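Working notes, beginning with the structure itself.
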Amino acid sequence: MHSKDKTMSRHRNTTKGNNQDIVTEDIAPAKKLRNEFEESYCIIMDAKPFLKRVVYGIPQRTNEHVIFLIREGKASITINFKKYELTKGNLVVIPANYIVYIEKYSEDLDPWMTYFNFNTAEEKELVGIQATHLTLSDKEYRNAEEYFNLMYESITQHNKSKEEFMHLVMSMLFRIQSLDGRRLANPKSTKIPKVQQIKSQFIHMVVTMDEPQLTIAEYAERLGISENYLSIIIKQETKQTVKKWIEQKTETIIKMLLVDEENHTLNEISDIVGYSSPPQVVRFFKRRTGMTPYEYRKQKLMEKKKAIE
């Protein structure tokens with residue numbers, strides 16, 4: 001959104017002095033992240049102060065695409081002159097260049113938000129040309145929360161990764177598309193070149209399919225093209241290999257399962273992601289993150305505990 005007050009802040013119920021993990025507007029302004037990545041994007045895990053300063057009663061035009069997740073409370077928000085009543089469990093996607101303002105909100109409002117820019121027409125198609133307002137189920141809400149947590153990690157860890165952040169944003173948007181049939185892209189549209197159709201179909205399959213991990217050959221077969229042709233197109237169009245896309249999805253799923261309330265065992269996780277044994281999951285996860293699944297789960301549980309103290 002257009003404002004000199006753009007900030008990144010992680011929500012905590014403790015004071016800055018008692019928690020060194022807090023990232024506040026004074027420590028990590030969004031402008032700094034934009035300079036690092038040469039694009040305007042950010043994630044705000046405690047967005048109420050930002051919204052109060054920037055869009056409360058004052059219409060603003062969004063320079064970026066925005067995703068809101070309402071975790072608590074209520075808000076009346078107007079998007080391109082259409083009013084939306086938001087409550088806990090609501091998720092909103094706002095395309096760039098929309099006029100937005102908040103008319104009122106409850107004192108317990110607790111929104112999370114992320115904003116970002118896409119450069120290509122195919123990427124912008126993921127956001128759509130209309131605002132999206134969804135009421136999420138409990139499971140969908142937990143998945144949305146986890147996407148936000150993973151995006152936060154991707155831009156606050158020592159090896160900050162724009163690539164991972166944007167991968168998570170695209171993954172989340174594909175999930176949102178699958179929930180909102182009105183905006184499902186037509187992968188066979190004649191207006192989109194064939195290579196871009198293949199790219200969009202491939203990414204959609206990677207992100208939305210809940211089957212265990214597929215091989216490059218299996219993706220190619222489902223798309224009706226050769227394995228070599230798929231590899232060339234995906235590398236050319238996304239600057240990432242097919243293998244990397246598959247690994248990013250697998251890593252994301254494992255992270256979500258490790259912090260899921262169902263407290264999945266490694267045996268269950270290995271079955272879900274398509275590995276033959278827990279040791280394979282451990283080796284893969286350690287190679288990707290530098291931590292074992294146990295270490296990751298322990299760290300996240302400690303963070304959650306600190307957040308509610």
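By order in the structure tokens, chains are A, B, ...; within a chain, residues start at 1; ligands start at 1, following the order shown.
Counting only C-alpha atoms, segment 47-57 of chain A has the following residues at most 6 Å away, ignoring those fewer than 6 positions along the same chain: A:Tyr101, A:Ile102, A:Glu103, A:Pro111, A:Trp112.
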Residue selection dump (all heavy atoms) as an mmCIF file, in the first residue's frame:
data_model
loop_
_atom_site.group_PDB
_atom_site.id
_atom_site.type_symbol
_atom_site.label_atom_id
_atom_site.label_comp_id
_atom_site.auth_asym_id
_atom_site.auth_seq_id
_atom_site.Cartn_x
_atom_site.Cartn_y
_atom_site.Cartn_z
ATOM 1 N N TYR A 101 -10.301 1.314 2.071
ATOM 2 C CA TYR A 101 -10.254 1.996 3.360
ATOM 3 C C TYR A 101 -11.117 1.241 4.369
ATOM 4 O O TYR A 101 -12.031 0.511 4.016
ATOM 5 C CB TYR A 101 -10.681 3.460 3.266
ATOM 6 C CG TYR A 101 -12.121 3.719 2.910
ATOM 7 C CD1 TYR A 101 -13.076 3.958 3.893
ATOM 8 C CD2 TYR A 101 -12.530 3.768 1.582
ATOM 9 C CE1 TYR A 101 -14.394 4.233 3.564
ATOM 10 C CE2 TYR A 101 -13.839 4.045 1.236
ATOM 11 C CZ TYR A 101 -14.770 4.272 2.242
ATOM 12 O OH TYR A 101 -16.070 4.537 1.916
ATOM 13 N N ILE A 102 -10.775 1.412 5.643
ATOM 14 C CA ILE A 102 -11.490 0.764 6.738
ATOM 15 C C ILE A 102 -12.429 1.779 7.380
ATOM 16 O O ILE A 102 -12.004 2.870 7.770
ATOM 17 C CB ILE A 102 -10.516 0.193 7.779
ATOM 18 C CG1 ILE A 102 -9.721 -0.959 7.156
ATOM 19 C CG2 ILE A 102 -11.257 -0.288 9.017
ATOM 20 C CD1 ILE A 102 -8.694 -1.554 8.075
ATOM 21 N N GLU A 103 -13.716 1.427 7.513
ATOM 22 C CA GLU A 103 -14.694 2.330 8.106
ATOM 23 C C GLU A 103 -14.743 2.179 9.622
ATOM 24 O O GLU A 103 -14.887 3.170 10.340
ATOM 25 C CB GLU A 103 -16.072 2.066 7.504
ATOM 26 C CG GLU A 103 -16.142 2.363 6.006
ATOM 27 C CD GLU A 103 -17.530 2.156 5.453
ATOM 28 O OE1 GLU A 103 -18.458 1.872 6.241
ATOM 29 O OE2 GLU A 103 -17.709 2.269 4.230
ATOM 30 N N PRO A 111 -5.446 -8.733 12.518
ATOM 31 C CA PRO A 111 -5.252 -9.190 11.137
ATOM 32 C C PRO A 111 -3.785 -9.458 10.821
ATOM 33 O O PRO A 111 -2.889 -8.807 11.355
ATOM 34 C CB PRO A 111 -5.753 -7.995 10.327
ATOM 35 C CG PRO A 111 -5.409 -6.804 11.192
ATOM 36 C CD PRO A 111 -5.386 -7.264 12.619
ATOM 37 N N TRP A 112 -3.540 -10.440 9.959
ATOM 38 C CA TRP A 112 -2.231 -10.635 9.354
ATOM 39 C C TRP A 112 -2.359 -10.230 7.888
ATOM 40 O O TRP A 112 -3.412 -10.421 7.279
ATOM 41 C CB TRP A 112 -1.789 -12.093 9.444
ATOM 42 C CG TRP A 112 -1.338 -12.507 10.807
ATOM 43 C CD1 TRP A 112 -1.250 -11.723 11.928
ATOM 44 C CD2 TRP A 112 -0.902 -13.812 11.205
ATOM 45 N NE1 TRP A 112 -0.797 -12.470 12.994
ATOM 46 C CE2 TRP A 112 -0.577 -13.752 12.579
ATOM 47 C CE3 TRP A 112 -0.770 -15.021 10.532
ATOM 48 C CZ2 TRP A 112 -0.112 -14.853 13.296
ATOM 49 C CZ3 TRP A 112 -0.304 -16.133 11.231
ATOM 50 C CH2 TRP A 112 0.026 -16.049 12.601
#
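Residue nearest Leu168 of chain A, chosen from A:Arg61, A:Lys249, A:Lys304, A:Lys255 and counting only C-alpha atoms: A:Lys249.
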What's around Ser161 of chain A at 10 Å? Count only C-alpha atoms, leave out sequence neighbours fewer than 6 positions away in its own chain, and write the answer as a PyMOL selection string. chain A and resi 37+151+153-155+167
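Among the candidates A:Lys199, A:Lys104, A:Arg283, A:Lys306, the one nearest to Ile233 of chain A when counting only C-alpha atoms is A:Lys199.
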